[in-house]
Each structure stands twice: as C-alpha cells, then as structure tokens.
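S.K.: For reference, the structure I am asking about is given below.
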Amino acid sequence: MRALPHGARAYVLCAVLAGGLCAAPAVRPGAAVPWATTALLAVVHAAGSRVRARWPEWCSPVLLAGAFLLPPAAAALVAVPGALLARVERPPAGMRRAWRAARLSLAVWAASCAFATLSGPRTLSALWASGDGVQVAAEQISGAQAPIDRMSDAPGFPYALAAAVAAALVLGLTATVLEGGVLVTAERRSPRAAWGGRLPGALAPYLVHGPAGLAMAVLWRSPYGPAAALLVLLPMYVCACGFVLYRRESAAHQATIRALVQAVDIKDRYTRGHSERVGRASAMIARELGMSGERLEALRIAGILHDVGKLGVPTRLLRKNGPLTPDERRVIELHPEYGDEMVRGIGFLGEARAAILHHHERLDGSGYPYGLAGAQIPEFARVVAVADAFDAMTSTRTYSRARPVPTAVEELKRCAGSQFDPRMVGALTRALDRHGWHAAVTADAPEERGNVPAEPAPPLVRAAAPGAPDAPGEPRPTPGGGA
C-alpha cells in the first residue's frame, strides 16, 4: 500500500467501492439469489485461478457463465474468492488482491448487465423450457431440421450466441479499461501507452470465451447438470497450456537473440547498440512496405542479427588500430557467411537468414559474398542493407561523428540504384518523415564503457560505388565500422 502513489491508491479504493456497490443488492435481505449456483461457480473459478497455467484468463468462461445464469449483483460475487486467493508475485499483496477482485467484479457485473439488456436470460429460459435446450441449440447451430413443435418452443439460439459474445466483449473491454487506469496512476504511463493498441489483443480471446460461457450456461440447467457444464473447461485448459508453451517458446527465442547480440556487442565494442537500431530501422521500412505480423517480426530480427557472423571473426581484427591488409579485409568479409552458418539450425528465423547472408550485396552486383545483383538479392537483405548503412552514418563512434539524419538520407538517395534498392530507400525516407528517428541506444566511446582502455580512432575509409565516391554502408577496411 505504501509503495503505491496516492493517485493509484485512490483509484484502487474507488474501484473496490464501486465493486461493493454493484454486489450490494445480492446481500440485501429478501434478495432472490440462487446461492448454490453462485457458490459453486465461485469455487470453480477460485480453483481455476490457483492452477499453474500461467494464464488466468483460461477460466473466464466460468465468470461468463455466472453473468448468464445469475443476476448482475450475484454474478459480481463469483470472481471475488478466486481473486482474493490467487497468487501474488509482487507486493503489496493485499492491495493487489483487492484490486483484482474489484476489477473482475466490475467487469462481470457489466457483462451480466449487457446480457440482460440484450434479453439473453429470456432466450436461455425459453431454451430450457423447450425440454432439452442442449439438443435444440445443437440443431439450430447445425441448421438441422428439428420438429416443428420443438422449434416453435425455442427462440433463436443464434441470438443467444450473439448476446453472449457481446457480453463477453463488454467483460474484456471493462477489464482492459480498468487495467489501463492502474497503469496510468501507478506506473505513470501515458494514456496512449496504457490503452492504445491494447484493446484488440485483449478482446480477441473473449470471442472464444463468450460461446464457451454460453455452453456452460446451457449445460448447467440441462438434464446433464453442472457436472457436464464443467467439462467445457477441459478444452479451455488445454488451449491455455498451449498458449503458455507458445509464450515460453517466444521468450526463449527472444533470449537467444539477446544473447547473440550481446556477444557481438562485447566482441566488437565500437558498435554497441548498432544491432538494435538496425532492427528498429528495418521494421520501420517493413511497415512502409506493407509488411505485418510474422514477416515484420522476422525482418526486425534479421536487422538485429545481421552482424552475428562477427563472432567468427578474430577479435584482433575487429579491434585493430589502423588499416586492414587485403588478407584481413577478406577475413572481415566472411562474416555474413559465418553468420549464416551460426543460425542455420535456428528454425524460427525463416527469411531472416537470407538477410544475414546477403546484407552486403549491392544492386550493381559488386557486393559480397556472392556478387548478387538486382532482384537476385533477397528482399529482406535489401531492407537490412539500407537500415545498416543509415545507422552507420547517423551513429557517433570513436572513429567518426554522426551525420545528421537529412544528410544520411541524401547519401542513401545518391547511392540508390547502384548500391541500394530505391524502393527501400524511399520507404525509409517516408518512415522518417512520419515518425522521426530517435537513437535510444547510443554507440558509446570505449572509455565510456568501463574497464576498456581508450584507443586512438582509426581512419574511416570506404569503398566507393561506381559513380558515387565515399558510398555509405560499405565494409570499412579499418575496424569498428557498420559492416
């Protein structure tokens, strides 16, 4: 409690008070509340919240079943025991539990009100009154021809399904909006960071939870009883376990990438942060080209890992003072092939491998390692080549000062068509005009790194493109460049 800002305390206390007011009608004397159903759903939800699935939303159908079966005030109580008993990993535990209970109570109450407003309870009552609501619902979902007398007794199940999905979305929307308020008051995030872009991803699971909660509600009062309704949670739990495994695998992928990048930064200390910035610039270009989803992420990773082959280059060459000999330069130019060999067994990289191998190819065919030209160069490699050269020109290093962004862009345009793909240069230009360039990770001088001796700055010498002297992005014959 003491660790929270005053604004966050007030926000949480207001949420707790609002949750109490929403649930108060259920505990008034004479209130018609099906306590047996309320208690059983609360126990099931509490047990589900304690399961180590690492994804507590897997038991959201229980909350939605309560919203569909119970009055709003009673439905708000279903979430309280599970929220108070759930594990809390960070202090203050009491305040976090109270906040979680209030947030879920308000969300379930809102979902129950929405379902009631859409006449969902009346539709379910008609299904149950038909004699076998489960069979009628199944017949209407599948489009099978049911007996005329039974179909006339049962209102449209698709309407009940639509009402359930709408109520589920209300639950997700309410919970997400309330959570955003905590991020603003407790973690000092901006409203845009707290809410912007979070809603689509947060609401998507409820498109599945809504039908699952409706299935639980239909089965709950069917001849098969609550035991059959609880079977709905089994596939939800399996899905939750699969989702958790996916998140762990993604975290392992990111850890692998971070380890490789950190190893490169330690070995080639002149280019600290270069990999992350190239990944960011590559993603900016990709968005302008209309890429999204997995391809966008793959291209970002390609930019981050483009120099991983430097791990195979002798450290004495990367840190050598003075010009490289022709033989040493040829060794440096092997780093794309080294990188390709290093990541060959990492299956999730996909197209990123092509960028690692070919990001030093030139459009005119004079690049390396294979002298590809034009469209022979993979698209990812053409993107990373532009991002790599842009960051090399706009970063301050021990051997060169950063060029202004407009100067770097003009240099890229000058070399477009001979060294760089004009389409990629244009995409980066548009992205910079729209978003600007903020180099959050800087390339510190060696003396600023700690425990690293200062070294004299080697001269910067670049190979010239035909008709374009001092072309950017070329491998420098001296150590420390953005090659």
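A note on labels: chains of the structure tokens are A, B, ... as shown, every chain counts residues from 1, and ligands are counted from 1 in their shown order.
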Can you pull out the residues contacting Ser190 of chain A? Cut-off 12 Å, using only C-alpha atoms, and skip same-chain residues under 6 positions away; I want them as a CSV table (one decimal) with N, CA, C and O atoms, in the first residue's frame.
M.R.:
```
chain,number,residue,atom,x,y,z
A,180,GLY,N,-5.9,-0.3,-17.7
A,180,GLY,CA,-5.2,0.9,-18.2
A,180,GLY,C,-5.2,2.0,-17.2
A,180,GLY,O,-4.1,2.7,-17.1
A,181,GLY,N,-6.2,2.2,-16.4
A,181,GLY,CA,-6.2,3.2,-15.4
A,181,GLY,C,-5.2,3.0,-14.3
A,181,GLY,O,-4.5,3.9,-13.8
A,182,VAL,N,-4.9,1.7,-14.0
A,182,VAL,CA,-3.9,1.4,-13.0
A,182,VAL,C,-2.5,1.7,-13.6
A,182,VAL,O,-1.6,2.2,-12.9
A,183,LEU,N,-2.3,1.4,-14.9
A,183,LEU,CA,-1.0,1.7,-15.5
A,183,LEU,C,-0.7,3.2,-15.5
A,183,LEU,O,0.4,3.6,-15.4
A,184,VAL,N,-1.8,4.0,-15.7
A,184,VAL,CA,-1.6,5.4,-15.7
A,184,VAL,C,-1.3,6.0,-14.3
A,184,VAL,O,-0.4,6.8,-14.1
A,196,GLY,N,-3.7,2.6,-25.8
A,196,GLY,CA,-3.5,2.5,-27.2
A,196,GLY,C,-2.9,1.2,-27.7
A,196,GLY,O,-1.9,0.8,-27.2
```
S.K.: Extract, using only C-alpha atoms, all DNA, RNA and protein residues at most 7 Å from segment 376-381 of chain A, discarding same-chain residues fewer than 4 positions from it, and format them as a PDB file with N, CA, C and O atoms, in the first residue's frame.
M.R.:
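So the final result, stored in selection.pdb, reads:
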```
ATOM      1  N   LEU A 299      11.719  -9.680 -40.083  1.00  0.00           N
ATOM      2  CA  LEU A 299      12.624  -8.667 -40.631  1.00  0.00           C
ATOM      3  C   LEU A 299      13.285  -7.868 -39.511  1.00  0.00           C
ATOM      4  O   LEU A 299      14.473  -7.504 -39.603  1.00  0.00           O
ATOM      5  N   ALA A 352      14.890 -14.435 -42.201  1.00  0.00           N
ATOM      6  CA  ALA A 352      15.947 -13.616 -41.620  1.00  0.00           C
ATOM      7  C   ALA A 352      17.328 -14.128 -42.012  1.00  0.00           C
ATOM      8  O   ALA A 352      18.278 -13.348 -42.124  1.00  0.00           O
ATOM      9  N   ALA A 354      18.354 -15.129 -44.865  1.00  0.00           N
ATOM     10  CA  ALA A 354      18.766 -14.560 -46.151  1.00  0.00           C
ATOM     11  C   ALA A 354      19.356 -13.168 -45.967  1.00  0.00           C
ATOM     12  O   ALA A 354      20.316 -12.789 -46.655  1.00  0.00           O
ATOM     13  N   ALA A 355      18.802 -12.400 -45.028  1.00  0.00           N
ATOM     14  CA  ALA A 355      19.331 -11.060 -44.778  1.00  0.00           C
ATOM     15  C   ALA A 355      20.696 -11.128 -44.125  1.00  0.00           C
ATOM     16  O   ALA A 355      21.583 -10.313 -44.421  1.00  0.00           O
ATOM     17  N   HIS A 358      23.152 -12.007 -47.022  1.00  0.00           N
ATOM     18  CA  HIS A 358      23.260 -11.180 -48.232  1.00  0.00           C
ATOM     19  C   HIS A 358      23.151  -9.680 -47.978  1.00  0.00           C
ATOM     20  O   HIS A 358      22.987  -8.918 -48.936  1.00  0.00           O
ATOM     21  N   HIS A 359      23.259  -9.209 -46.725  1.00  0.00           N
ATOM     22  CA  HIS A 359      23.029  -7.776 -46.494  1.00  0.00           C
ATOM     23  C   HIS A 359      24.162  -6.898 -47.008  1.00  0.00           C
ATOM     24  O   HIS A 359      24.040  -5.667 -46.982  1.00  0.00           O
ATOM     25  N   GLU A 361      25.383  -7.493 -50.196  1.00  0.00           N
ATOM     26  CA  GLU A 361      25.273  -7.494 -51.656  1.00  0.00           C
ATOM     27  C   GLU A 361      24.866  -6.101 -52.121  1.00  0.00           C
ATOM     28  O   GLU A 361      24.227  -5.346 -51.381  1.00  0.00           O
ATOM     29  N   LEU A 372      25.584 -10.985 -55.927  1.00  0.00           N
ATOM     30  CA  LEU A 372      24.232 -10.954 -56.478  1.00  0.00           C
ATOM     31  C   LEU A 372      23.896  -9.536 -56.921  1.00  0.00           C
ATOM     32  O   LEU A 372      24.428  -8.554 -56.404  1.00  0.00           O
ATOM     33  N   ALA A 385      20.201  -3.846 -45.684  1.00  0.00           N
ATOM     34  CA  ALA A 385      21.335  -3.084 -46.206  1.00  0.00           C
ATOM     35  C   ALA A 385      21.124  -1.585 -46.031  1.00  0.00           C
ATOM     36  O   ALA A 385      22.032  -0.847 -45.628  1.00  0.00           O
TER      37      ALA A 385
END
```
S.K.: Select, from A:Leu432, A:Ala228, A:Leu305, A:Ala175, the residue with the minimum atom-to-atom distance to Ala263 of chain A, counting only C-alpha atoms.
M.R.: A:Leu305
S.K.: Give me, please, the distance in Å between atom CA of Gly48 of chain A and atom CA of Leu207 of chain A, quoted to one decimal.
M.R.: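 Distance between the two atoms: 19.9 Å.
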S.K.: Do you have the atom CA of Pro336 of chain A-atom CA of Gly309 of chain A distance handy?
M.R.: 5.6 Å
S.K.: Going by DSSP on the backbone, which bits of segment 256-378 of chain A are alpha helix (DSSP H)? Write them as a VMD selection string, please.
M.R.: chain A and resid 256 to 267 274 to 288 293 to 305 315 to 318 326 to 332 335 to 342 352 to 358
S.K.: Can I get the selection written as a PDB file, in the first residue's frame, with C-alpha atoms?
M.R.:
```
ATOM      1  CA  THR A 256      18.510 -16.469 -27.824  1.00  0.00           C
ATOM      2  CA  ILE A 257      18.538 -13.313 -29.937  1.00  0.00           C
ATOM      3  CA  ARG A 258      19.547 -11.121 -26.989  1.00  0.00           C
ATOM      4  CA  ALA A 259      22.406 -13.461 -26.105  1.00  0.00           C
ATOM      5  CA  LEU A 260      23.762 -13.425 -29.657  1.00  0.00           C
ATOM      6  CA  VAL A 261      23.515  -9.642 -29.926  1.00  0.00           C
ATOM      7  CA  GLN A 262      25.165  -9.149 -26.547  1.00  0.00           C
ATOM      8  CA  ALA A 263      28.001 -11.421 -27.593  1.00  0.00           C
ATOM      9  CA  VAL A 264      28.555  -9.350 -30.747  1.00  0.00           C
ATOM     10  CA  ASP A 265      28.457  -6.091 -28.770  1.00  0.00           C
ATOM     11  CA  ILE A 266      31.026  -7.407 -26.303  1.00  0.00           C
ATOM     12  CA  LYS A 267      33.354  -8.588 -29.051  1.00  0.00           C
ATOM     13  CA  HIS A 274      24.023  -0.916 -33.585  1.00  0.00           C
ATOM     14  CA  SER A 275      22.127  -4.202 -33.944  1.00  0.00           C
ATOM     15  CA  GLU A 276      19.031  -2.996 -32.078  1.00  0.00           C
ATOM     16  CA  ARG A 277      18.903   0.217 -34.093  1.00  0.00           C
ATOM     17  CA  VAL A 278      19.246  -1.635 -37.399  1.00  0.00           C
ATOM     18  CA  GLY A 279      16.384  -3.904 -36.283  1.00  0.00           C
ATOM     19  CA  ARG A 280      14.263  -0.858 -35.495  1.00  0.00           C
ATOM     20  CA  ALA A 281      15.046   0.834 -38.820  1.00  0.00           C
ATOM     21  CA  SER A 282      14.339  -2.424 -40.678  1.00  0.00           C
ATOM     22  CA  ALA A 283      10.932  -2.664 -39.008  1.00  0.00           C
ATOM     23  CA  MET A 284      10.156   0.942 -39.995  1.00  0.00           C
ATOM     24  CA  ILE A 285      10.937   0.138 -43.631  1.00  0.00           C
ATOM     25  CA  ALA A 286       8.888  -3.070 -43.445  1.00  0.00           C
ATOM     26  CA  ARG A 287       5.798  -1.238 -42.229  1.00  0.00           C
ATOM     27  CA  GLU A 288       6.065   1.243 -45.072  1.00  0.00           C
ATOM     28  CA  GLY A 293       2.686  -9.973 -38.459  1.00  0.00           C
ATOM     29  CA  GLU A 294       5.306 -12.687 -38.703  1.00  0.00           C
ATOM     30  CA  ARG A 295       7.155 -11.164 -41.691  1.00  0.00           C
ATOM     31  CA  LEU A 296       7.530  -7.848 -39.902  1.00  0.00           C
ATOM     32  CA  GLU A 297       8.899  -9.570 -36.807  1.00  0.00           C
ATOM     33  CA  ALA A 298      11.203 -11.753 -38.914  1.00  0.00           C
ATOM     34  CA  LEU A 299      12.624  -8.667 -40.631  1.00  0.00           C
ATOM     35  CA  ARG A 300      13.170  -6.931 -37.292  1.00  0.00           C
ATOM     36  CA  ILE A 301      15.080  -9.994 -36.081  1.00  0.00           C
ATOM     37  CA  ALA A 302      17.062 -10.032 -39.334  1.00  0.00           C
ATOM     38  CA  GLY A 303      18.185  -6.470 -38.653  1.00  0.00           C
ATOM     39  CA  ILE A 304      19.155  -7.325 -35.096  1.00  0.00           C
ATOM     40  CA  LEU A 305      21.170 -10.404 -36.073  1.00  0.00           C
ATOM     41  CA  THR A 315      38.836 -10.201 -32.201  1.00  0.00           C
ATOM     42  CA  ARG A 316      42.245  -8.723 -33.085  1.00  0.00           C
ATOM     43  CA  LEU A 317      40.854  -7.728 -36.496  1.00  0.00           C
ATOM     44  CA  LEU A 318      37.692  -6.164 -35.086  1.00  0.00           C
ATOM     45  CA  PRO A 326      43.857  -7.103 -48.132  1.00  0.00           C
ATOM     46  CA  ASP A 327      44.003 -10.540 -46.471  1.00  0.00           C
ATOM     47  CA  GLU A 328      42.494  -9.165 -43.251  1.00  0.00           C
ATOM     48  CA  ARG A 329      39.769  -7.433 -45.229  1.00  0.00           C
ATOM     49  CA  ARG A 330      38.875 -10.726 -46.897  1.00  0.00           C
ATOM     50  CA  VAL A 331      38.554 -12.312 -43.453  1.00  0.00           C
ATOM     51  CA  ILE A 332      36.229  -9.495 -42.318  1.00  0.00           C
ATOM     52  CA  HIS A 335      31.219 -12.528 -41.523  1.00  0.00           C
ATOM     53  CA  PRO A 336      27.939 -12.860 -43.490  1.00  0.00           C
ATOM     54  CA  GLU A 337      28.774 -16.492 -44.272  1.00  0.00           C
ATOM     55  CA  TYR A 338      29.838 -17.122 -40.696  1.00  0.00           C
ATOM     56  CA  GLY A 339      26.532 -15.679 -39.534  1.00  0.00           C
ATOM     57  CA  ASP A 340      24.538 -17.873 -41.898  1.00  0.00           C
ATOM     58  CA  GLU A 341      26.322 -20.951 -40.593  1.00  0.00           C
ATOM     59  CA  MET A 342      25.747 -19.937 -36.981  1.00  0.00           C
ATOM     60  CA  ALA A 352      15.947 -13.616 -41.620  1.00  0.00           C
ATOM     61  CA  ARG A 353      18.765 -15.966 -42.620  1.00  0.00           C
ATOM     62  CA  ALA A 354      18.766 -14.560 -46.151  1.00  0.00           C
ATOM     63  CA  ALA A 355      19.331 -11.060 -44.778  1.00  0.00           C
ATOM     64  CA  ILE A 356      22.188 -12.217 -42.576  1.00  0.00           C
ATOM     65  CA  LEU A 357      23.915 -13.828 -45.566  1.00  0.00           C
ATOM     66  CA  HIS A 358      23.260 -11.180 -48.232  1.00  0.00           C
TER      67      HIS A 358
END
```
